[in-house]
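See below for the structure under consideration.
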Amino acid sequence: MSLAIDVRHLRFRYGGGPWVLDIPELTLERGERAFLFGPSGSGKTTLLGVLAGVLEADEGSVNVLGRDLASLSGAQRDAFRAEHIGYVFQMFNLIPYLSVLDNIALPARMNAGRRARLDGAGVKETAALLADHLHIGDLLKKPVTELSVGQQQRVAACRALIGAPELIVADEPTSSLDFDRREAFLELLFQECERAGATLVFVSHDRTLEGMFSRTISLPDINKAAL
Amino acid sequence: MLVLDLALKSLRNRAFSTSLTVGSIALSVALLIGVENVRVGMRESFSNTISQTDLIVGAKGGTIQLLLYSVFGMGSPTSNLTWDTYREWAEHPAIEWTIPYGLGDSHRGFRVIGTNEDFYRHYRYRGGQAIALAEGRAGSEVFDVTLGADVASELGYGLGDEVAVTHGIGEVGFLNHDQLPFEVVGILAKTFTPVDRAIYVTLEGIEAIHFGWEDGAPPMPGEEPTPDDVLAMEEIEITQVTSFFVGATNRRDVLRLQREINDYESEPMMAVIPGLALSEMWQGIGYAETGLRVVTIFVVLVGLLGMLVSLYTSLNERRREMAILRAVGAGPYRIIALLVLESVCLAAAGAIAGLALVYVLLSAGQPIVEAQVGLFIPLRPPGSVELLFLGAVVTAGFLMGFVPALKAYRTALHDGLAVRV
């Protein structure tokens, strides 16, 4: 079984600017729950962009789930991300004009691979089931603008999880939640990742959550560009 | 289908700006199609001023000029035809009927036309409608006057009123035939043609006006004929007509008949086919049409530009949305498709709403416009011209959609997943 993430000699910068990422090596086993921390500006979000195939590495190799992203075209990377990666933002995760249900269902409607892994269940049923697991089953018909921040983050988690992608990437999803809610949210997220057998990369600058993860990666330690 | 769904929901989410945009496109499209309809209506009502008349015959001169003074009551005839010539042609075997016209006089700015009962019997306008009397009877005696509908309403004349006729054509003729009072015996129903703005007397009446004018100057004071003089005459001899309308026995003979009249040797005269002359005239006026059309096309472009501005300015608030779409796997082309589709939907909705608006306004306004302006705008299902316009508007919306779409595409590529809110 290949690694979930296998990054070698990665270098990245925006346009002709200074190097933002310079990572000699970063590997992650499948099924791992990794806590990636670093101060603001240390390149966390940029690294996630590279791992998700939204940004293209300037040098080095980026292997995600056994696939060399550099060998894929832009459209192939988009399709790869749609099929294999679930993404949770820090905040404002939801498309404002879609209902809770439509937001959750979006990746499955966007990508046939995600649809195929619904185990024969319909998109709506799967979305409703996930929403139940994350205790937001009663919000499905609501406009997303009426949700609290905590509810929004759970909707975003459902959306990342639908269709069982192998890799869940979460970019400080709990930073806008208070401490009790952070733990509750994380526990639900772990539960669902385990159920789906997904690898989790969780980014935060807040080390109080560190203890809940199986592995901790300090970005400033591995990124030589961040000085 | 997903992208279309997203586009529609996104537009619905911005209902206010969407409806404003659709409204402005609809108004501009309605203007475009409305102007087109009015144009067609104008052209039709113009070419329907006279119908079923095969030839108009007058003294040799300009085609348009003959048409103008005989049909539209504009300009003045250069010379007349003799009564004998007219009678000779009226008896021609290829001619079924004629309407003689004696022109050249006016009453308070309205044309006075001398004619006879053939006018009431044969004159046709707009698809074969005949002249009808709203009140009274058709004039047949020397001092009988029949008024066009507008003349009666604008001058406030009714049956039994006395009318003085001016020799010459002008707003106020200073030489008045005040001494020969004509009496209103009939008022014609409204036709929305120049007939409404004319005063009809008999050919004998026209002759009577001109007694004493034989040398071209007014009669000496004291020598003017009195009504009694005129009535005392056994029979008033008609000496000339200005022009006459011809209905051919057989329409196939019209061209031959026209040539025959044009070649007539005893008197220089000419015949024109009204349909041809009218369309020749319309071509002359056609420049105004083109100008109007160009203006309305620009109005539509302005409407579409409004849409472009509204889509473009919404993009900044939508950067977050674009990043989310990218994160769940939407490629840049889906982002482009989303925005182009939104633009197409707005343009299409505007175009359809505009078309609907035209029909609502036309069906409501048609009777009013006809009564007030005399312009009959036909109400018919959208034809190829309307469909062409709608297609052009939607195509323009499609092309314009690429402006915000490419901007969003570049922003999405640049922003990646890191979104500056």
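Scheme for the structure tokens: letters A, B, ... for chains in order shown; per-chain residue numbers from 1; ligand numbers from 1 in order shown.
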
| Got a sec: who's within 7 Å of range 26-37 of chain B, counting only C-alpha atoms, leaving out chain neighbours fewer than 4 positions off, as a ChimeraX atom specification? | /B:22,41,296-297,299-300,303,350-351,353-355,357-358,377,386

Using only C-alpha atoms and a distance of at most 12 Å, pull out the residues of chain B that contact chain A, as a PyMOL selection string. chain B and resi 1-3+5-15+317-335+412-421

Open item on the list: Would you pick out the contacts of Lys224 in chain A at 8 Å or less, using only C-alpha atoms, so that residues sharing its chain but fewer than 6 positions from it are not included, and give the list as a PyMOL selection string?
Closed with: chain A and resi 21-23

Would you put the residues from that selection into a file with N, CA and C atoms, as a PDB file, in the first residue's frame?
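To be explicit, this is the file written out as again-v5.pdb:
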ATOM      1  N   LEU A  21       7.437  27.594   0.187  1.00  0.00           N
ATOM      2  CA  LEU A  21       7.606  26.227   0.677  1.00  0.00           C
ATOM      3  C   LEU A  21       8.953  25.683   0.180  1.00  0.00           C
ATOM      4  N   ASP A  22       9.671  25.055   1.098  1.00  0.00           N
ATOM      5  CA  ASP A  22      10.888  24.342   0.708  1.00  0.00           C
ATOM      6  C   ASP A  22      10.974  23.142   1.635  1.00  0.00           C
ATOM      7  N   ILE A  23      10.329  22.051   1.245  1.00  0.00           N
ATOM      8  CA  ILE A  23      10.169  20.888   2.126  1.00  0.00           C
ATOM      9  C   ILE A  23      10.924  19.701   1.540  1.00  0.00           C
TER      10      ILE A  23
END

Check your understanding: Hey, what's within 9 Å of range 197-201 of chain A if we count only C-alpha atoms and toss same-chain stuff fewer than 3 positions away? As a list in words, please?
Key -> Ala4, Leu28, Glu29, Arg30, Gly31, Glu32, Arg33, Ala34, Phe35, Leu36, Leu48, Leu161, Ala164, Pro165, Glu166, Leu167, Ile168, Val169, Ala170, Asp171, Phe190, Glu192, Cys193 and Glu194 of chain A

| said: Quick check, in Å to one decimal: how far apart do CA of Ser71 in chain A and CA of Ile5 in chain A lie? | reply: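 We find that CA of Ser71 in chain A and CA of Ile5 in chain A lie 15.5 Å from each other.
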
For Ile238 in chain B, find every residue with an atom within 7 Å (counting only C-alpha atoms), except residues of its own chain fewer than 5 positions away, and show them as number ranges by chain. B: 83, 203-204, 207

Nearest-residue call for Ala70 in chain A, choices A:Leu10, A:Leu118, A:Gln152, A:Lys124, using only C-alpha atoms |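 Once distances to Ala70 in chain A are computed over only C-alpha atoms, the minimum belongs to A:Leu10.
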
**OP:** Find the residues near Glu59 in chain A: any atom within 8 Å, counting only C-alpha atoms, skip ones fewer than 4 places away on the same chain, and give them as a PyMOL selection string.
**Re:** chain A and resi 9-12

Quick one: everything within 10 Å of range 111-120 of chain B, counting only C-alpha atoms, minus sequence neighbours fewer than 3 positions away in the same chain. Send it as a short mmCIF file (atom, residue, chain, number, x, y, z; two decimals) with N, CA and C atoms, in the first residue's frame.
data_model
loop_
_atom_site.label_atom_id
_atom_site.label_comp_id
_atom_site.auth_asym_id
_atom_site.auth_seq_id
_atom_site.Cartn_x
_atom_site.Cartn_y
_atom_site.Cartn_z
N TYR B 69 -50.24 64.44 -54.44
CA TYR B 69 -51.42 65.30 -54.45
C TYR B 69 -52.72 64.54 -54.61
N SER B 70 -52.67 63.35 -55.27
CA SER B 70 -53.92 62.62 -55.47
C SER B 70 -54.30 61.81 -54.24
N GLY B 73 -52.90 64.24 -50.47
CA GLY B 73 -53.30 65.63 -50.31
C GLY B 73 -52.15 66.55 -49.98
N MET B 74 -51.00 66.30 -50.58
CA MET B 74 -49.83 67.14 -50.33
C MET B 74 -49.32 67.69 -51.66
N TRP B 97 -63.91 50.91 -63.78
CA TRP B 97 -64.45 52.13 -63.13
C TRP B 97 -63.37 53.19 -63.01
N THR B 98 -63.81 54.43 -62.79
CA THR B 98 -62.87 55.53 -62.55
C THR B 98 -63.43 56.40 -61.43
N ILE B 99 -62.53 57.12 -60.76
CA ILE B 99 -62.96 58.14 -59.80
C ILE B 99 -62.27 59.43 -60.22
N PRO B 100 -63.03 60.42 -60.69
CA PRO B 100 -62.40 61.67 -61.09
C PRO B 100 -62.14 62.56 -59.88
N TYR B 101 -61.03 63.29 -59.90
CA TYR B 101 -60.67 64.19 -58.81
C TYR B 101 -60.43 65.58 -59.38
N GLY B 102 -61.10 66.58 -58.82
CA GLY B 102 -60.77 67.96 -59.16
C GLY B 102 -60.16 68.61 -57.94
N LEU B 103 -58.89 69.00 -58.03
CA LEU B 103 -58.17 69.49 -56.86
C LEU B 103 -57.79 70.95 -57.02
N GLY B 104 -57.29 71.54 -55.96
CA GLY B 104 -56.74 72.89 -56.07
C GLY B 104 -57.39 73.91 -55.16
N ASP B 105 -58.40 73.49 -54.40
CA ASP B 105 -59.01 74.45 -53.49
C ASP B 105 -58.91 73.96 -52.06
N SER B 106 -59.12 74.90 -51.14
CA SER B 106 -59.03 74.46 -49.75
C SER B 106 -60.00 75.25 -48.88
N HIS B 107 -60.22 74.75 -47.69
CA HIS B 107 -61.06 75.43 -46.72
C HIS B 107 -60.38 75.35 -45.36
N ARG B 108 -59.94 76.47 -44.87
CA ARG B 108 -59.25 76.56 -43.58
C ARG B 108 -58.17 75.48 -43.44
N TYR B 123 -63.96 53.88 -54.10
CA TYR B 123 -62.72 54.13 -53.34
C TYR B 123 -62.54 53.06 -52.27
N ARG B 124 -61.34 52.48 -52.22
CA ARG B 124 -61.05 51.44 -51.22
C ARG B 124 -59.74 51.77 -50.52
N ALA B 130 -64.47 50.08 -47.84
CA ALA B 130 -65.09 51.15 -48.62
C ALA B 130 -65.33 52.37 -47.74
N ILE B 131 -65.53 53.51 -48.40
CA ILE B 131 -65.87 54.74 -47.68
C ILE B 131 -67.26 54.58 -47.08
N ALA B 132 -67.40 54.95 -45.81
CA ALA B 132 -68.71 54.86 -45.19
C ALA B 132 -69.09 56.22 -44.64
N LEU B 133 -70.38 56.50 -44.57
CA LEU B 133 -70.86 57.76 -44.02
C LEU B 133 -71.18 57.57 -42.54
N ALA B 138 -74.11 61.19 -48.94
CA ALA B 138 -73.02 61.59 -49.82
C ALA B 138 -73.48 62.78 -50.65
N GLY B 139 -72.59 63.79 -50.79
CA GLY B 139 -72.98 64.98 -51.53
C GLY B 139 -73.22 64.68 -53.00
N SER B 140 -74.28 65.29 -53.58
CA SER B 140 -74.55 65.06 -54.99
C SER B 140 -74.98 66.35 -55.69
N GLU B 141 -75.38 67.37 -54.92
CA GLU B 141 -75.80 68.64 -55.53
C GLU B 141 -74.63 69.62 -55.55
N VAL B 145 -71.60 69.43 -49.47
CA VAL B 145 -70.25 69.18 -48.98
C VAL B 145 -70.27 67.96 -48.08
N THR B 146 -69.33 67.06 -48.29
CA THR B 146 -69.17 65.91 -47.40
C THR B 146 -67.80 66.07 -46.73
N LEU B 147 -67.76 65.94 -45.41
CA LEU B 147 -66.51 66.19 -44.68
C LEU B 147 -65.82 64.90 -44.28
N VAL B 151 -61.83 66.57 -40.40
CA VAL B 151 -62.25 67.93 -40.72
C VAL B 151 -63.43 68.30 -39.84
N VAL B 165 -65.45 78.11 -49.41
CA VAL B 165 -64.29 77.41 -49.98
C VAL B 165 -63.31 78.43 -50.56
N THR B 166 -62.04 78.20 -50.33
CA THR B 166 -61.01 79.11 -50.81
C THR B 166 -60.41 78.60 -52.10
N HIS B 167 -60.18 79.49 -53.02
CA HIS B 167 -59.47 79.07 -54.22
C HIS B 167 -57.98 79.11 -53.92
N GLY B 168 -57.27 78.07 -54.30
CA GLY B 168 -55.85 77.97 -53.98
C GLY B 168 -55.67 77.15 -52.73
N ILE B 169 -54.42 76.80 -52.49
CA ILE B 169 -54.15 75.90 -51.38
C ILE B 169 -53.30 76.63 -50.36
N GLY B 170 -53.74 76.71 -49.17
CA GLY B 170 -52.94 77.38 -48.14
C GLY B 170 -53.73 77.39 -46.87
N GLU B 171 -53.02 77.70 -45.80
CA GLU B 171 -53.66 77.69 -44.49
C GLU B 171 -54.81 78.70 -44.51
N LEU B 188 -68.01 61.69 -43.24
CA LEU B 188 -67.52 60.33 -43.48
C LEU B 188 -67.04 59.68 -42.18
N PRO B 194 -55.61 59.76 -45.48
CA PRO B 194 -55.77 61.19 -45.80
C PRO B 194 -57.21 61.57 -46.14
N VAL B 195 -58.07 60.57 -46.39
CA VAL B 195 -59.48 60.86 -46.68
C VAL B 195 -60.10 61.65 -45.53
N ARG B 197 -58.91 63.92 -43.84
CA ARG B 197 -58.52 65.33 -43.78
C ARG B 197 -58.89 66.07 -45.07
N ALA B 198 -59.92 65.59 -45.75
CA ALA B 198 -60.34 66.24 -46.98
C ALA B 198 -61.82 66.60 -46.93
N ILE B 199 -62.16 67.58 -47.77
CA ILE B 199 -63.55 68.01 -47.88
C ILE B 199 -64.00 67.66 -49.30
N TYR B 200 -65.09 66.92 -49.40
CA TYR B 200 -65.53 66.44 -50.71
C TYR B 200 -66.72 67.24 -51.21
N VAL B 201 -66.57 67.76 -52.41
CA VAL B 201 -67.70 68.42 -53.07
C VAL B 201 -67.87 67.76 -54.44
N THR B 202 -68.86 68.22 -55.16
CA THR B 202 -69.05 67.65 -56.50
C THR B 202 -68.14 68.37 -57.48
N LEU B 203 -67.92 67.75 -58.63
CA LEU B 203 -67.12 68.41 -59.67
C LEU B 203 -67.81 69.69 -60.12
N GLU B 204 -69.17 69.67 -60.13
CA GLU B 204 -69.92 70.87 -60.50
C GLU B 204 -69.65 71.98 -59.49
N GLY B 205 -69.54 71.60 -58.23
CA GLY B 205 -69.26 72.57 -57.17
C GLY B 205 -67.93 73.27 -57.43
N ILE B 206 -66.91 72.46 -57.80
CA ILE B 206 -65.59 73.03 -58.10
C ILE B 206 -65.70 74.03 -59.25
N GLU B 207 -66.47 73.65 -60.27
CA GLU B 207 -66.65 74.57 -61.41
C GLU B 207 -67.30 75.86 -60.93
N VAL B 241 -60.63 67.81 -64.99
CA VAL B 241 -60.35 67.05 -63.76
C VAL B 241 -58.84 67.13 -63.55
N THR B 242 -58.40 66.92 -62.30
CA THR B 242 -56.96 66.98 -62.03
C THR B 242 -56.33 65.61 -62.24
N PHE B 244 -57.46 61.07 -62.09
CA PHE B 244 -58.51 60.09 -61.82
C PHE B 244 -57.92 58.73 -61.49
N PHE B 245 -58.64 58.01 -60.64
CA PHE B 245 -58.24 56.66 -60.23
C PHE B 245 -58.89 55.66 -61.16
#

Subject >> Nearest to Glu183 in chain A, chosen from A:Met212, A:Val144, A:Leu47, A:Val203, with only C-alpha atoms counted in the distances >> reply: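 The shortest atom-to-atom distance to Glu183 in chain A comes from A:Met212.
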
Any chance you could list, as a ChimeraX atom specification, the residues in range 69-222 of chain B that come up strand (DSSP E) when DSSP is run on the backbone? /B:81-82,95-107,110-115,124-125,129-130,133-136,144-147,162-163,166-167,182-188,198-202

Could you write out that same residue set with C-alpha atoms as a PDB file, in the first residue's frame?
ATOM      1  CA  LEU B  81     -56.734  67.099 -67.814  1.00  0.00           C
ATOM      2  CA  THR B  82     -59.695  68.050 -69.922  1.00  0.00           C
ATOM      3  CA  ILE B  95     -61.352  50.131 -67.606  1.00  0.00           C
ATOM      4  CA  GLU B  96     -64.093  49.039 -65.256  1.00  0.00           C
ATOM      5  CA  TRP B  97     -64.450  52.127 -63.125  1.00  0.00           C
ATOM      6  CA  THR B  98     -62.871  55.535 -62.552  1.00  0.00           C
ATOM      7  CA  ILE B  99     -62.957  58.137 -59.803  1.00  0.00           C
ATOM      8  CA  PRO B 100     -62.404  61.672 -61.088  1.00  0.00           C
ATOM      9  CA  TYR B 101     -60.666  64.189 -58.808  1.00  0.00           C
ATOM     10  CA  GLY B 102     -60.770  67.960 -59.160  1.00  0.00           C
ATOM     11  CA  LEU B 103     -58.169  69.488 -56.861  1.00  0.00           C
ATOM     12  CA  GLY B 104     -56.742  72.886 -56.070  1.00  0.00           C
ATOM     13  CA  ASP B 105     -59.010  74.449 -53.488  1.00  0.00           C
ATOM     14  CA  SER B 106     -59.034  74.461 -49.747  1.00  0.00           C
ATOM     15  CA  HIS B 107     -61.058  75.433 -46.723  1.00  0.00           C
ATOM     16  CA  PHE B 110     -58.091  71.309 -45.491  1.00  0.00           C
ATOM     17  CA  ARG B 111     -58.102  70.186 -49.109  1.00  0.00           C
ATOM     18  CA  VAL B 112     -61.283  70.467 -51.078  1.00  0.00           C
ATOM     19  CA  ILE B 113     -61.712  67.616 -53.537  1.00  0.00           C
ATOM     20  CA  GLY B 114     -64.229  67.655 -56.293  1.00  0.00           C
ATOM     21  CA  THR B 115     -65.438  64.195 -57.229  1.00  0.00           C
ATOM     22  CA  ARG B 124     -61.051  51.444 -51.222  1.00  0.00           C
ATOM     23  CA  TYR B 125     -58.425  51.604 -48.484  1.00  0.00           C
ATOM     24  CA  GLN B 129     -62.605  48.793 -46.967  1.00  0.00           C
ATOM     25  CA  ALA B 130     -65.087  51.148 -48.623  1.00  0.00           C
ATOM     26  CA  LEU B 133     -70.860  57.755 -44.019  1.00  0.00           C
ATOM     27  CA  ALA B 134     -70.994  58.434 -40.304  1.00  0.00           C
ATOM     28  CA  GLU B 135     -73.771  60.981 -40.690  1.00  0.00           C
ATOM     29  CA  GLY B 136     -75.960  62.375 -43.452  1.00  0.00           C
ATOM     30  CA  ASP B 144     -73.297  69.800 -51.153  1.00  0.00           C
ATOM     31  CA  VAL B 145     -70.253  69.179 -48.982  1.00  0.00           C
ATOM     32  CA  THR B 146     -69.167  65.915 -47.395  1.00  0.00           C
ATOM     33  CA  LEU B 147     -66.514  66.194 -44.679  1.00  0.00           C
ATOM     34  CA  GLU B 162     -72.326  76.477 -44.154  1.00  0.00           C
ATOM     35  CA  VAL B 163     -68.802  76.298 -45.464  1.00  0.00           C
ATOM     36  CA  THR B 166     -61.005  79.112 -50.810  1.00  0.00           C
ATOM     37  CA  HIS B 167     -59.470  79.070 -54.220  1.00  0.00           C
ATOM     38  CA  PHE B 182     -71.645  75.293 -49.410  1.00  0.00           C
ATOM     39  CA  GLU B 183     -73.656  73.217 -46.969  1.00  0.00           C
ATOM     40  CA  VAL B 184     -72.505  70.167 -45.067  1.00  0.00           C
ATOM     41  CA  VAL B 185     -74.733  67.232 -45.989  1.00  0.00           C
ATOM     42  CA  GLY B 186     -72.595  64.306 -44.850  1.00  0.00           C
ATOM     43  CA  ILE B 187     -69.685  63.320 -42.631  1.00  0.00           C
ATOM     44  CA  LEU B 188     -67.520  60.327 -43.479  1.00  0.00           C
ATOM     45  CA  ALA B 198     -60.337  66.243 -46.984  1.00  0.00           C
ATOM     46  CA  ILE B 199     -63.554  68.014 -47.883  1.00  0.00           C
ATOM     47  CA  TYR B 200     -65.527  66.443 -50.711  1.00  0.00           C
ATOM     48  CA  VAL B 201     -67.700  68.423 -53.073  1.00  0.00           C
ATOM     49  CA  THR B 202     -69.051  67.646 -56.502  1.00  0.00           C
TER      50      THR B 202
END

Item to complete: Determine which residues of range 25-193 of chain A DSSP labels as helix (DSSP H, G or I) from the backbone of this structure, then write them out as a ChimeraX atom specification.
Response: /A:44-51,69-71,74-84,100-110,112-116,123-133,137-139,144-146,149-161,179-193

By how many Å are CA of Leu67 in chain B and CA of Val272 in chain B apart?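 The value is 8.1 Å.
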
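Distance-wise, CA of Leu339 in chain B and CA of Phe402 in chain B end up 7.5 Å apart.
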